file data.cif (mmCIF, C-alpha atoms (C1' of nucleotides))
data_structure
#
loop_
_atom_site.label_atom_id
_atom_site.label_comp_id
_atom_site.auth_asym_id
_atom_site.auth_seq_id
_atom_site.Cartn_x
_atom_site.Cartn_y
_atom_site.Cartn_z
CA MET A 12 210.92 -34.96 97.70
CA ASN A 13 208.21 -36.40 99.85
CA SER A 14 210.38 -35.89 102.89
CA ILE A 15 210.61 -32.20 102.11
CA PHE A 16 206.86 -31.73 102.09
CA LYS A 17 206.60 -33.82 105.23
CA ALA A 18 209.15 -31.55 106.86
CA LEU A 19 207.27 -28.46 105.79
CA ALA A 20 203.98 -29.77 107.14
CA ASP A 21 204.83 -28.72 110.69
CA PRO A 22 204.63 -25.04 111.69
CA THR A 23 207.51 -25.30 114.14
CA ARG A 24 209.78 -26.64 111.45
CA ARG A 25 208.74 -23.99 108.98
CA LYS A 26 209.51 -21.38 111.60
CA VAL A 27 212.91 -22.89 112.19
CA LEU A 28 213.66 -22.57 108.51
CA GLU A 29 212.55 -18.96 108.58
CA LEU A 30 214.85 -18.23 111.48
CA LEU A 31 217.74 -19.89 109.69
CA ARG A 32 217.07 -17.75 106.67
CA GLU A 33 218.88 -14.87 108.33
CA ARG A 34 221.85 -16.66 109.78
CA PRO A 35 222.98 -20.04 111.04
CA MET A 36 222.03 -20.73 114.63
CA THR A 37 222.86 -23.30 117.25
CA ALA A 38 220.39 -25.91 118.44
CA GLY A 39 220.08 -24.21 121.81
CA GLU A 40 219.59 -20.79 120.30
CA LEU A 41 216.80 -22.12 118.17
CA ALA A 42 215.26 -24.12 120.98
CA ASP A 43 215.07 -21.01 123.15
CA ARG A 44 212.71 -19.46 120.65
CA PHE A 45 210.08 -22.16 120.88
CA PRO A 46 207.84 -23.21 123.74
CA VAL A 47 208.71 -26.88 123.49
CA SER A 48 211.37 -29.01 125.10
CA ARG A 49 214.85 -29.47 123.72
CA PRO A 50 214.36 -33.13 122.89
CA THR A 51 211.33 -32.17 120.87
CA MET A 52 213.30 -29.55 119.02
CA SER A 53 216.06 -32.05 118.46
CA ALA A 54 213.54 -34.32 116.77
CA HIS A 55 212.42 -31.49 114.53
CA PHE A 56 216.01 -30.82 113.55
CA ALA A 57 216.39 -34.47 112.65
CA VAL A 58 213.39 -34.28 110.35
CA LEU A 59 214.73 -31.18 108.66
CA LYS A 60 218.10 -32.78 108.23
CA GLU A 61 216.59 -35.98 106.90
CA ALA A 62 214.89 -33.84 104.28
CA ASP A 63 218.26 -32.29 103.51
CA LEU A 64 216.88 -28.84 104.25
CA ILE A 65 219.57 -28.01 106.81
CA ASP A 66 223.23 -28.71 107.42
CA SER A 67 224.75 -29.27 110.83
CA LEU A 68 228.21 -28.27 111.92
CA LYS A 69 229.54 -29.37 115.26
CA ILE A 70 232.02 -27.11 117.02
CA GLY A 71 232.87 -28.23 120.50
CA THR A 72 229.66 -29.12 122.27
CA THR A 73 227.44 -26.92 120.21
CA ILE A 74 225.88 -27.79 116.90
CA THR A 75 225.14 -25.04 114.43
CA TYR A 76 222.42 -25.49 111.89
CA GLN A 77 222.38 -23.81 108.56
CA LEU A 78 219.62 -23.54 106.00
CA LYS A 79 220.22 -25.19 102.64
CA LEU A 80 218.44 -22.54 100.68
CA THR A 81 218.88 -24.04 97.25
CA VAL A 82 217.36 -27.33 98.25
CA LEU A 83 214.29 -25.60 99.61
CA GLU A 84 213.93 -23.37 96.60
CA ASP A 85 214.45 -26.11 94.08
CA ALA A 86 211.76 -28.20 95.72
CA LEU A 87 209.29 -25.37 96.08
CA LEU A 88 209.77 -23.91 92.65
CA GLY A 89 210.02 -27.28 91.01
CA PHE A 90 206.66 -28.18 92.42
CA ALA A 91 205.13 -24.80 91.66
CA ARG A 92 206.31 -25.03 88.09
CA LEU A 93 204.39 -28.27 87.73
CA PHE A 94 201.25 -26.22 87.92
CA SER A 95 202.08 -23.21 85.86
CA PRO A 96 204.98 -24.10 83.58
CA THR A 97 204.86 -20.62 82.10
CA ALA A 98 205.02 -18.67 85.31
CA GLU A 99 207.93 -18.80 87.71
CA GLU A 100 211.33 -19.01 86.08
CA PRO A 101 214.57 -19.88 87.88
CA ALA A 102 214.93 -16.10 88.05
CA THR A 103 217.94 -15.37 90.26
CA PRO A 104 220.83 -17.45 88.92
CA ARG A 105 222.03 -17.32 92.45
CA THR A 106 225.64 -17.46 93.40
CA ASP A 107 225.43 -20.48 95.64
CA PRO A 108 225.50 -19.23 99.25
CA THR A 109 226.70 -22.64 100.47
CA PRO A 110 230.49 -22.48 100.84
CA PRO A 111 232.59 -25.60 100.35
CA GLN A 112 231.84 -27.26 103.64
CA GLU A 113 230.93 -30.82 104.57
CA GLY A 114 230.45 -30.48 108.32
CA THR A 115 227.73 -33.06 108.44
CA THR A 116 228.49 -33.94 112.03
CA LYS A 117 230.13 -37.33 111.61
CA MET B 4 198.11 -21.87 105.69
CA ASN B 5 199.08 -24.79 107.85
CA SER B 6 196.27 -26.83 106.36
CA ILE B 7 197.73 -26.28 102.91
CA PHE B 8 201.10 -27.71 103.83
CA LYS B 9 199.43 -30.55 105.64
CA ALA B 10 197.45 -31.28 102.52
CA LEU B 11 200.57 -31.22 100.39
CA ALA B 12 202.41 -33.59 102.71
CA ASP B 13 200.72 -36.63 101.21
CA PRO B 14 201.87 -37.94 97.82
CA THR B 15 198.41 -39.12 96.82
CA ARG B 16 197.01 -35.67 97.40
CA ARG B 17 199.80 -34.00 95.49
CA LYS B 18 199.12 -36.35 92.60
CA VAL B 19 195.44 -35.46 92.70
CA LEU B 20 196.33 -31.83 92.38
CA GLU B 21 198.60 -32.58 89.47
CA LEU B 22 195.80 -34.45 87.71
CA LEU B 23 193.43 -31.58 88.31
CA ARG B 24 195.96 -29.22 86.86
CA GLU B 25 194.87 -30.27 83.35
CA ARG B 26 191.14 -30.35 83.79
CA PRO B 27 188.42 -30.80 86.40
CA MET B 28 187.62 -34.42 87.12
CA THR B 29 184.96 -36.34 88.96
CA ALA B 30 185.61 -38.17 92.20
CA GLY B 31 185.23 -41.53 90.47
CA GLU B 32 187.52 -40.58 87.65
CA LEU B 33 190.18 -39.56 90.10
CA ALA B 34 189.67 -42.59 92.31
CA ASP B 35 190.16 -44.91 89.33
CA ARG B 36 193.68 -43.61 88.97
CA PHE B 37 194.81 -44.63 92.44
CA PRO B 38 195.22 -48.03 94.03
CA VAL B 39 193.20 -47.17 97.11
CA SER B 40 189.56 -47.48 97.98
CA ARG B 41 186.98 -44.84 97.19
CA PRO B 42 186.34 -43.96 100.81
CA THR B 43 190.02 -43.35 101.24
CA MET B 44 190.05 -41.09 98.21
CA SER B 45 187.01 -39.31 99.55
CA ALA B 46 188.92 -38.55 102.71
CA HIS B 47 191.78 -37.14 100.68
CA PHE B 48 189.36 -34.94 98.78
CA ALA B 49 188.02 -33.66 102.08
CA VAL B 50 191.49 -32.69 103.22
CA LEU B 51 192.17 -30.87 99.98
CA LYS B 52 188.86 -29.08 100.23
CA GLU B 53 189.44 -28.16 103.84
CA ALA B 54 192.69 -26.57 102.70
CA ASP B 55 190.71 -24.70 100.05
CA LEU B 56 192.86 -26.19 97.33
CA ILE B 57 189.95 -27.59 95.35
CA ASP B 58 186.35 -26.70 94.60
CA SER B 59 183.58 -29.25 94.29
CA LEU B 60 180.58 -29.03 92.03
CA LYS B 61 177.82 -31.55 92.31
CA ILE B 62 175.85 -32.39 89.19
CA GLY B 63 173.44 -35.23 89.66
CA THR B 64 175.22 -38.04 91.39
CA THR B 65 178.67 -37.05 90.35
CA ILE B 66 180.90 -34.53 92.01
CA THR B 67 183.44 -32.73 89.93
CA TYR B 68 186.55 -31.38 91.57
CA GLN B 69 188.47 -28.44 90.29
CA LEU B 70 191.88 -27.15 91.28
CA LYS B 71 192.02 -23.72 92.83
CA LEU B 72 195.27 -22.78 91.21
CA THR B 73 195.59 -19.32 92.66
CA VAL B 74 195.28 -20.57 96.21
CA LEU B 75 198.03 -23.09 95.65
CA GLU B 76 200.29 -20.61 93.95
CA ASP B 77 199.76 -17.89 96.49
CA ALA B 78 200.67 -20.26 99.29
CA LEU B 79 203.68 -21.72 97.56
CA LEU B 80 205.12 -18.50 96.25
CA GLY B 81 204.24 -16.58 99.38
CA PHE B 82 206.25 -19.06 101.37
CA ALA B 83 209.07 -19.19 98.86
CA ARG B 84 209.31 -15.45 98.86
CA LEU B 85 209.89 -15.54 102.60
CA PHE B 86 213.26 -17.01 101.84
CA SER B 87 214.41 -15.06 98.85
CA PRO B 88 212.42 -11.81 98.79
CA THR B 89 214.31 -10.73 95.70
CA ALA B 90 213.76 -13.79 93.61
CA GLU B 91 210.34 -14.90 92.47
CA GLU B 92 207.92 -12.16 91.52
CA PRO B 93 204.17 -12.63 90.99
CA ALA B 94 205.20 -13.03 87.33
CA THR B 95 202.15 -14.03 85.34
CA PRO B 96 199.31 -11.65 86.28
CA ARG B 97 197.15 -14.57 85.41
CA THR B 98 193.66 -14.16 84.07
CA ASP B 99 191.89 -16.04 86.83
CA PRO B 100 190.90 -19.44 85.45
CA THR B 101 188.17 -19.77 88.07
CA PRO B 102 184.88 -18.79 86.48
CA PRO B 103 182.06 -17.24 88.55
CA GLN B 104 180.95 -20.37 90.28
CA GLU B 105 180.02 -21.15 93.85
CA GLY B 106 179.17 -24.81 93.52
CA THR B 107 180.46 -25.76 96.90
CA THR B 108 178.26 -28.87 97.06
CA LYS B 109 175.34 -27.96 99.29
"C1'" DA C 23 239.78 -37.33 136.73
"C1'" DC C 24 235.78 -34.41 137.74
"C1'" DT C 25 232.31 -31.24 136.69
"C1'" DA C 26 229.47 -28.52 133.82
"C1'" DA C 27 227.27 -27.53 129.45
"C1'" DA C 28 225.00 -28.69 125.00
"C1'" DT C 29 222.63 -31.85 122.61
"C1'" DT C 30 220.77 -36.26 121.57
"C1'" DT C 31 218.81 -40.88 122.49
"C1'" DC C 32 215.51 -43.63 124.98
"C1'" DG C 33 211.05 -45.07 126.51
"C1'" DA C 34 206.36 -43.77 127.29
"C1'" DT C 35 202.01 -41.47 126.14
"C1'" DG C 36 198.31 -39.20 123.67
"C1'" DT C 37 196.85 -37.62 119.11
"C1'" DT C 38 196.48 -37.75 114.25
"C1'" DT C 39 196.32 -40.03 109.94
"C1'" DA C 40 195.77 -43.52 106.18
"C1'" DG C 41 193.65 -47.34 105.23
"C1'" DC C 42 189.98 -50.90 105.14
"C1'" DT C 43 184.95 -52.90 104.89
"C1'" DA C 44 180.23 -52.24 105.38
"C1'" DA C 45 176.41 -49.32 105.53
"C1'" DA C 46 174.04 -44.99 104.53
"C1'" DT C 47 172.68 -41.27 101.37
"C1'" DA C 48 171.50 -39.20 97.09
"C1'" DT C 49 170.15 -39.23 92.34
"C1'" DC C 50 169.03 -41.08 88.10
"C1'" DG C 51 166.33 -43.91 84.69
"C1'" DA C 52 162.92 -47.28 83.88
"C1'" DT D 12 158.78 -47.26 93.39
"C1'" DC D 13 162.91 -50.25 92.12
"C1'" DG D 14 167.38 -51.00 90.93
"C1'" DA D 15 171.74 -49.24 89.59
"C1'" DT D 16 175.42 -45.91 90.21
"C1'" DA D 17 178.28 -42.42 92.66
"C1'" DT D 18 179.92 -40.78 96.77
"C1'" DT D 19 180.16 -40.25 101.62
"C1'" DT D 20 179.72 -41.59 106.57
"C1'" DA D 21 180.61 -44.81 110.32
"C1'" DG D 22 183.44 -47.74 112.81
"C1'" DC D 23 187.52 -49.84 113.10
"C1'" DT D 24 192.95 -51.06 113.11
"C1'" DA D 25 197.61 -50.04 112.53
"C1'" DA D 26 201.11 -46.94 111.83
"C1'" DA D 27 203.07 -42.37 112.26
"C1'" DC D 28 203.84 -38.27 114.86
"C1'" DA D 29 204.60 -34.70 118.59
"C1'" DT D 30 205.67 -34.38 122.95
"C1'" DC D 31 207.69 -35.13 127.46
"C1'" DG D 32 211.20 -36.33 131.36
"C1'" DA D 33 215.17 -38.93 132.35
"C1'" DA D 34 219.37 -40.83 131.01
"C1'" DA D 35 223.35 -41.10 127.90
"C1'" DT D 36 226.94 -38.85 125.06
"C1'" DT D 37 230.35 -35.64 123.95
"C1'" DT D 38 233.42 -32.04 124.83
"C1'" DA D 39 235.61 -28.15 127.47
"C1'" DG D 40 237.64 -26.45 131.39
"C1'" DT D 41 239.72 -26.99 135.84
#
call {"tool": "encode", "arguments": {"input": "data.cif", "output": "structure tokens"}}
result
Amino acid sequence: MNSIFKALADPTRRKVLELLRERPMTAGELADRFPVSRPTMSAHFAVLKEADLIDSLKIGTTITYQLKLTVLEDALLGFARLFSPTAEEPATPRTDPTPPQEGTTK
Amino acid sequence: MNSIFKALADPTRRKVLELLRERPMTAGELADRFPVSRPTMSAHFAVLKEADLIDSLKIGTTITYQLKLTVLEDALLGFARLFSPTAEEPATPRTDPTPPQEGTTK
DNA sequence: ACTAAATTTCGATGTTTAGCTAAATATCGA
DNA sequence: TCGATATTTAGCTAAACATCGAAATTTAGT
């Protein structure tokens, strides 16, 4: 829980999550969109993964990252609900967009 | 916006916000509930204030802090909505709990 | 086996942050 | 004005963090 907020505290990482909202992307693809080095991006990915906000799937030499939407939402809404228990309901009983898949890169 | 997430990244600060959810409290009152020194708590208050998440009102020697609920909610839900535009609506058109008050301590 | 490509790990550096104690500031009540 | 109380500022240390370039790792293709 703390790790999620820590992960969200950095603008680069938030942007990464936003990019992954649309579709999964490879590490290189993501890195190309930021003005920092690849090792730096790699570290950001590690933080996001540590927080369980993304999944990684290795295919050949490339690693594809995918947003774990439900984890992010549960954390955000769970926290928000702490402050206004009446307000935000679970709302969309979403059909889990995470397909059976455990590609957690070894 | 970044300052808000930075502020939320620390567990002590999140707890402070939770305490203020119920009612405004003085700096000393809050400090008594944490196992850290008053100066340290003061620094946390400064971060929360910098992020515009709390208001301070000085009466005599004591400073009362109050949660700015709408700021917190707007940030949280605004960000959450980035990821599932369909899901969470503004919901409760809340009657602003912040009374006309500009006690921003000097 | 060799080479190229994608990504991470390693080691170093500068910045930020949380924490402390001690001192300063402000306000109240006597 | 004095003394007590509430809070912050100042000055510090230690740990955490973001960043880099260079090297290591892994895999694909020839």
call {"tool": "atom_distance", "arguments": {"input": "data.cif", "atom1": "CA of Lys9 in chain B", "atom2": "C1' of DG22 in chain D"}}
result
24.5 Å
call {"tool": "resolve_selection", "arguments": {"input": "data.cif", "expression": "the PyMOL selection byres ((chain B) within 8 of (chain D))", "output": "JSON, numbers by chain"}}
result
{"B": [30, 31, 42, 45, 64, 65, 66]}
call {"tool": "resolve_selection", "arguments": {"input": "data.cif", "expression": "the PyMOL selection byres ((chain B and resi 26) around 12)", "output": "ChimeraX atom specification"}}
result
/A:94 /B:19-25,27-29,32-33,57,67-72,100-101
call {"tool": "calpha_fit_and_write", "arguments": {"input": "data.cif", "fixed": "chain A", "moving": "chain B", "output": "PDB file with C-alpha atoms, in the frame of the given file"}}
result
ATOM      1  CA  MET B   4     210.851 -35.003  97.693  1.00  0.00           C
ATOM      2  CA  ASN B   5     208.134 -36.405  99.879  1.00  0.00           C
ATOM      3  CA  SER B   6     210.321 -35.911 102.921  1.00  0.00           C
ATOM      4  CA  ILE B   7     210.577 -32.221 102.109  1.00  0.00           C
ATOM      5  CA  PHE B   8     206.839 -31.702 102.109  1.00  0.00           C
ATOM      6  CA  LYS B   9     206.525 -33.769 105.232  1.00  0.00           C
ATOM      7  CA  ALA B  10     209.104 -31.564 106.866  1.00  0.00           C
ATOM      8  CA  LEU B  11     207.274 -28.437 105.795  1.00  0.00           C
ATOM      9  CA  ALA B  12     203.961 -29.707 107.137  1.00  0.00           C
ATOM     10  CA  ASP B  13     204.830 -28.706 110.686  1.00  0.00           C
ATOM     11  CA  PRO B  14     204.636 -25.038 111.706  1.00  0.00           C
ATOM     12  CA  THR B  15     207.511 -25.308 114.160  1.00  0.00           C
ATOM     13  CA  ARG B  16     209.765 -26.642 111.451  1.00  0.00           C
ATOM     14  CA  ARG B  17     208.730 -23.971 108.999  1.00  0.00           C
ATOM     15  CA  LYS B  18     209.518 -21.364 111.629  1.00  0.00           C
ATOM     16  CA  VAL B  19     212.937 -22.899 112.173  1.00  0.00           C
ATOM     17  CA  LEU B  20     213.649 -22.562 108.506  1.00  0.00           C
ATOM     18  CA  GLU B  21     212.532 -18.966 108.556  1.00  0.00           C
ATOM     19  CA  LEU B  22     214.875 -18.232 111.455  1.00  0.00           C
ATOM     20  CA  LEU B  23     217.730 -19.900 109.643  1.00  0.00           C
ATOM     21  CA  ARG B  24     217.000 -17.806 106.618  1.00  0.00           C
ATOM     22  CA  GLU B  25     218.851 -14.883 108.243  1.00  0.00           C
ATOM     23  CA  ARG B  26     221.826 -16.673 109.679  1.00  0.00           C
ATOM     24  CA  PRO B  27     222.992 -20.063 110.927  1.00  0.00           C
ATOM     25  CA  MET B  28     222.057 -20.737 114.524  1.00  0.00           C
ATOM     26  CA  THR B  29     222.915 -23.275 117.164  1.00  0.00           C
ATOM     27  CA  ALA B  30     220.469 -25.882 118.386  1.00  0.00           C
ATOM     28  CA  GLY B  31     220.192 -24.155 121.757  1.00  0.00           C
ATOM     29  CA  GLU B  32     219.655 -20.770 120.222  1.00  0.00           C
ATOM     30  CA  LEU B  33     216.857 -22.126 118.113  1.00  0.00           C
ATOM     31  CA  ALA B  34     215.337 -24.117 120.951  1.00  0.00           C
ATOM     32  CA  ASP B  35     215.175 -20.993 123.123  1.00  0.00           C
ATOM     33  CA  ARG B  36     212.802 -19.453 120.631  1.00  0.00           C
ATOM     34  CA  PHE B  37     210.164 -22.158 120.909  1.00  0.00           C
ATOM     35  CA  PRO B  38     207.957 -23.203 123.789  1.00  0.00           C
ATOM     36  CA  VAL B  39     208.839 -26.872 123.531  1.00  0.00           C
ATOM     37  CA  SER B  40     211.490 -29.008 125.116  1.00  0.00           C
ATOM     38  CA  ARG B  41     214.959 -29.450 123.693  1.00  0.00           C
ATOM     39  CA  PRO B  42     214.473 -33.106 122.864  1.00  0.00           C
ATOM     40  CA  THR B  43     211.413 -32.181 120.895  1.00  0.00           C
ATOM     41  CA  MET B  44     213.361 -29.550 119.006  1.00  0.00           C
ATOM     42  CA  SER B  45     216.103 -32.064 118.401  1.00  0.00           C
ATOM     43  CA  ALA B  46     213.579 -34.335 116.763  1.00  0.00           C
ATOM     44  CA  HIS B  47     212.434 -31.506 114.533  1.00  0.00           C
ATOM     45  CA  PHE B  48     216.018 -30.827 113.535  1.00  0.00           C
ATOM     46  CA  ALA B  49     216.396 -34.480 112.620  1.00  0.00           C
ATOM     47  CA  VAL B  50     213.382 -34.319 110.347  1.00  0.00           C
ATOM     48  CA  LEU B  51     214.693 -31.216 108.637  1.00  0.00           C
ATOM     49  CA  LYS B  52     218.077 -32.824 108.200  1.00  0.00           C
ATOM     50  CA  GLU B  53     216.574 -36.019 106.878  1.00  0.00           C
ATOM     51  CA  ALA B  54     214.830 -33.881 104.274  1.00  0.00           C
ATOM     52  CA  ASP B  55     218.199 -32.319 103.470  1.00  0.00           C
ATOM     53  CA  LEU B  56     216.838 -28.884 104.237  1.00  0.00           C
ATOM     54  CA  ILE B  57     219.532 -28.025 106.757  1.00  0.00           C
ATOM     55  CA  ASP B  58     223.202 -28.744 107.331  1.00  0.00           C
ATOM     56  CA  SER B  59     224.724 -29.285 110.746  1.00  0.00           C
ATOM     57  CA  LEU B  60     228.201 -28.331 111.822  1.00  0.00           C
ATOM     58  CA  LYS B  61     229.505 -29.416 115.164  1.00  0.00           C
ATOM     59  CA  ILE B  62     232.035 -27.198 116.896  1.00  0.00           C
ATOM     60  CA  GLY B  63     232.852 -28.303 120.389  1.00  0.00           C
ATOM     61  CA  THR B  64     229.648 -29.014 122.202  1.00  0.00           C
ATOM     62  CA  THR B  65     227.474 -26.847 120.071  1.00  0.00           C
ATOM     63  CA  ILE B  66     225.894 -27.753 116.791  1.00  0.00           C
ATOM     64  CA  THR B  67     225.183 -25.027 114.324  1.00  0.00           C
ATOM     65  CA  TYR B  68     222.428 -25.493 111.798  1.00  0.00           C
ATOM     66  CA  GLN B  69     222.369 -23.830 108.452  1.00  0.00           C
ATOM     67  CA  LEU B  70     219.580 -23.578 105.916  1.00  0.00           C
ATOM     68  CA  LYS B  71     220.155 -25.234 102.582  1.00  0.00           C
ATOM     69  CA  LEU B  72     218.349 -22.601 100.613  1.00  0.00           C
ATOM     70  CA  THR B  73     218.820 -24.100  97.191  1.00  0.00           C
ATOM     71  CA  VAL B  74     217.289 -27.397  98.213  1.00  0.00           C
ATOM     72  CA  LEU B  75     214.226 -25.653  99.557  1.00  0.00           C
ATOM     73  CA  GLU B  76     213.864 -23.438  96.538  1.00  0.00           C
ATOM     74  CA  ASP B  77     214.374 -26.202  94.042  1.00  0.00           C
ATOM     75  CA  ALA B  78     211.671 -28.261  95.697  1.00  0.00           C
ATOM     76  CA  LEU B  79     209.220 -25.424  96.045  1.00  0.00           C
ATOM     77  CA  LEU B  80     209.683 -23.934  92.621  1.00  0.00           C
ATOM     78  CA  GLY B  81     209.972 -27.310  90.954  1.00  0.00           C
ATOM     79  CA  PHE B  82     206.598 -28.202  92.357  1.00  0.00           C
ATOM     80  CA  ALA B  83     205.094 -24.820  91.601  1.00  0.00           C
ATOM     81  CA  ARG B  84     206.279 -25.030  88.052  1.00  0.00           C
ATOM     82  CA  LEU B  85     204.352 -28.265  87.656  1.00  0.00           C
ATOM     83  CA  PHE B  86     201.228 -26.189  87.810  1.00  0.00           C
ATOM     84  CA  SER B  87     202.095 -23.152  85.787  1.00  0.00           C
ATOM     85  CA  PRO B  88     205.015 -24.099  83.528  1.00  0.00           C
ATOM     86  CA  THR B  89     204.968 -20.624  82.041  1.00  0.00           C
ATOM     87  CA  ALA B  90     205.081 -18.652  85.224  1.00  0.00           C
ATOM     88  CA  GLU B  91     208.001 -18.783  87.608  1.00  0.00           C
ATOM     89  CA  GLU B  92     211.431 -19.026  86.044  1.00  0.00           C
ATOM     90  CA  PRO B  93     214.641 -19.895  87.916  1.00  0.00           C
ATOM     91  CA  ALA B  94     214.988 -16.096  88.158  1.00  0.00           C
ATOM     92  CA  THR B  95     217.953 -15.312  90.362  1.00  0.00           C
ATOM     93  CA  PRO B  96     220.898 -17.430  89.155  1.00  0.00           C
ATOM     94  CA  ARG B  97     221.974 -17.196  92.724  1.00  0.00           C
ATOM     95  CA  THR B  98     225.593 -17.290  93.742  1.00  0.00           C
ATOM     96  CA  ASP B  99     225.365 -20.351  95.948  1.00  0.00           C
ATOM     97  CA  PRO B 100     225.460 -19.171  99.560  1.00  0.00           C
ATOM     98  CA  THR B 101     226.675 -22.584 100.700  1.00  0.00           C
ATOM     99  CA  PRO B 102     230.430 -22.419 101.134  1.00  0.00           C
ATOM    100  CA  PRO B 103     232.626 -25.507 100.608  1.00  0.00           C
ATOM    101  CA  GLN B 104     231.759 -27.269 103.796  1.00  0.00           C
ATOM    102  CA  GLU B 105     230.922 -30.854 104.614  1.00  0.00           C
ATOM    103  CA  GLY B 106     230.408 -30.572 108.340  1.00  0.00           C
ATOM    104  CA  THR B 107     227.693 -33.140 108.499  1.00  0.00           C
ATOM    105  CA  THR B 108     228.347 -33.859 112.186  1.00  0.00           C
ATOM    106  CA  LYS B 109     230.331 -37.081 112.278  1.00  0.00           C
TER     107      LYS B 109
END
call {"tool": "interface_residues", "arguments": {"input": "data.cif", "of": "chain B", "to": "chain A", "cutoff": "12 Å", "atoms": "all atoms listed in the file", "output": "ChimeraX atom specification"}}
result
/B:4-26,70-97,100
call {"tool": "write_last_selection", "arguments": {"input": "data.cif", "atoms": "C-alpha atoms", "output": "PDB file, keeping the file's coordinate frame"}}
result
ATOM      1  CA  MET B   4     198.110 -21.870 105.690  1.00  0.00           C
ATOM      2  CA  ASN B   5     199.080 -24.790 107.850  1.00  0.00           C
ATOM      3  CA  SER B   6     196.270 -26.830 106.360  1.00  0.00           C
ATOM      4  CA  ILE B   7     197.730 -26.280 102.910  1.00  0.00           C
ATOM      5  CA  PHE B   8     201.100 -27.710 103.830  1.00  0.00           C
ATOM      6  CA  LYS B   9     199.430 -30.550 105.640  1.00  0.00           C
ATOM      7  CA  ALA B  10     197.450 -31.280 102.520  1.00  0.00           C
ATOM      8  CA  LEU B  11     200.570 -31.220 100.390  1.00  0.00           C
ATOM      9  CA  ALA B  12     202.410 -33.590 102.710  1.00  0.00           C
ATOM     10  CA  ASP B  13     200.720 -36.630 101.210  1.00  0.00           C
ATOM     11  CA  PRO B  14     201.870 -37.940  97.820  1.00  0.00           C
ATOM     12  CA  THR B  15     198.410 -39.120  96.820  1.00  0.00           C
ATOM     13  CA  ARG B  16     197.010 -35.670  97.400  1.00  0.00           C
ATOM     14  CA  ARG B  17     199.800 -34.000  95.490  1.00  0.00           C
ATOM     15  CA  LYS B  18     199.120 -36.350  92.600  1.00  0.00           C
ATOM     16  CA  VAL B  19     195.440 -35.460  92.700  1.00  0.00           C
ATOM     17  CA  LEU B  20     196.330 -31.830  92.380  1.00  0.00           C
ATOM     18  CA  GLU B  21     198.600 -32.580  89.470  1.00  0.00           C
ATOM     19  CA  LEU B  22     195.800 -34.450  87.710  1.00  0.00           C
ATOM     20  CA  LEU B  23     193.430 -31.580  88.310  1.00  0.00           C
ATOM     21  CA  ARG B  24     195.960 -29.220  86.860  1.00  0.00           C
ATOM     22  CA  GLU B  25     194.870 -30.270  83.350  1.00  0.00           C
ATOM     23  CA  ARG B  26     191.140 -30.350  83.790  1.00  0.00           C
ATOM     24  CA  LEU B  70     191.880 -27.150  91.280  1.00  0.00           C
ATOM     25  CA  LYS B  71     192.020 -23.720  92.830  1.00  0.00           C
ATOM     26  CA  LEU B  72     195.270 -22.780  91.210  1.00  0.00           C
ATOM     27  CA  THR B  73     195.590 -19.320  92.660  1.00  0.00           C
ATOM     28  CA  VAL B  74     195.280 -20.570  96.210  1.00  0.00           C
ATOM     29  CA  LEU B  75     198.030 -23.090  95.650  1.00  0.00           C
ATOM     30  CA  GLU B  76     200.290 -20.610  93.950  1.00  0.00           C
ATOM     31  CA  ASP B  77     199.760 -17.890  96.490  1.00  0.00           C
ATOM     32  CA  ALA B  78     200.670 -20.260  99.290  1.00  0.00           C
ATOM     33  CA  LEU B  79     203.680 -21.720  97.560  1.00  0.00           C
ATOM     34  CA  LEU B  80     205.120 -18.500  96.250  1.00  0.00           C
ATOM     35  CA  GLY B  81     204.240 -16.580  99.380  1.00  0.00           C
ATOM     36  CA  PHE B  82     206.250 -19.060 101.370  1.00  0.00           C
ATOM     37  CA  ALA B  83     209.070 -19.190  98.860  1.00  0.00           C
ATOM     38  CA  ARG B  84     209.310 -15.450  98.860  1.00  0.00           C
ATOM     39  CA  LEU B  85     209.890 -15.540 102.600  1.00  0.00           C
ATOM     40  CA  PHE B  86     213.260 -17.010 101.840  1.00  0.00           C
ATOM     41  CA  SER B  87     214.410 -15.060  98.850  1.00  0.00           C
ATOM     42  CA  PRO B  88     212.420 -11.810  98.790  1.00  0.00           C
ATOM     43  CA  THR B  89     214.310 -10.730  95.700  1.00  0.00           C
ATOM     44  CA  ALA B  90     213.760 -13.790  93.610  1.00  0.00           C
ATOM     45  CA  GLU B  91     210.340 -14.900  92.470  1.00  0.00           C
ATOM     46  CA  GLU B  92     207.920 -12.160  91.520  1.00  0.00           C
ATOM     47  CA  PRO B  93     204.170 -12.630  90.990  1.00  0.00           C
ATOM     48  CA  ALA B  94     205.200 -13.030  87.330  1.00  0.00           C
ATOM     49  CA  THR B  95     202.150 -14.030  85.340  1.00  0.00           C
ATOM     50  CA  PRO B  96     199.310 -11.650  86.280  1.00  0.00           C
ATOM     51  CA  ARG B  97     197.150 -14.570  85.410  1.00  0.00           C
ATOM     52  CA  PRO B 100     190.900 -19.440  85.450  1.00  0.00           C
TER      53      PRO B 100
END
call {"tool": "interface_residues", "arguments": {"input": "data.cif", "of": "chain B", "to": "chain C", "cutoff": "8 Å", "atoms": "only C-alpha atoms (C1' of nucleotides)", "output": "ChimeraX atom specification"}}
result
/B:40,43,63-64
call {"tool": "atom_distance", "arguments": {"input": "data.cif", "atom1": "CA of Lys60 in chain A", "atom2": "CA of Leu56 in chain B"}}
result
28.3 Å
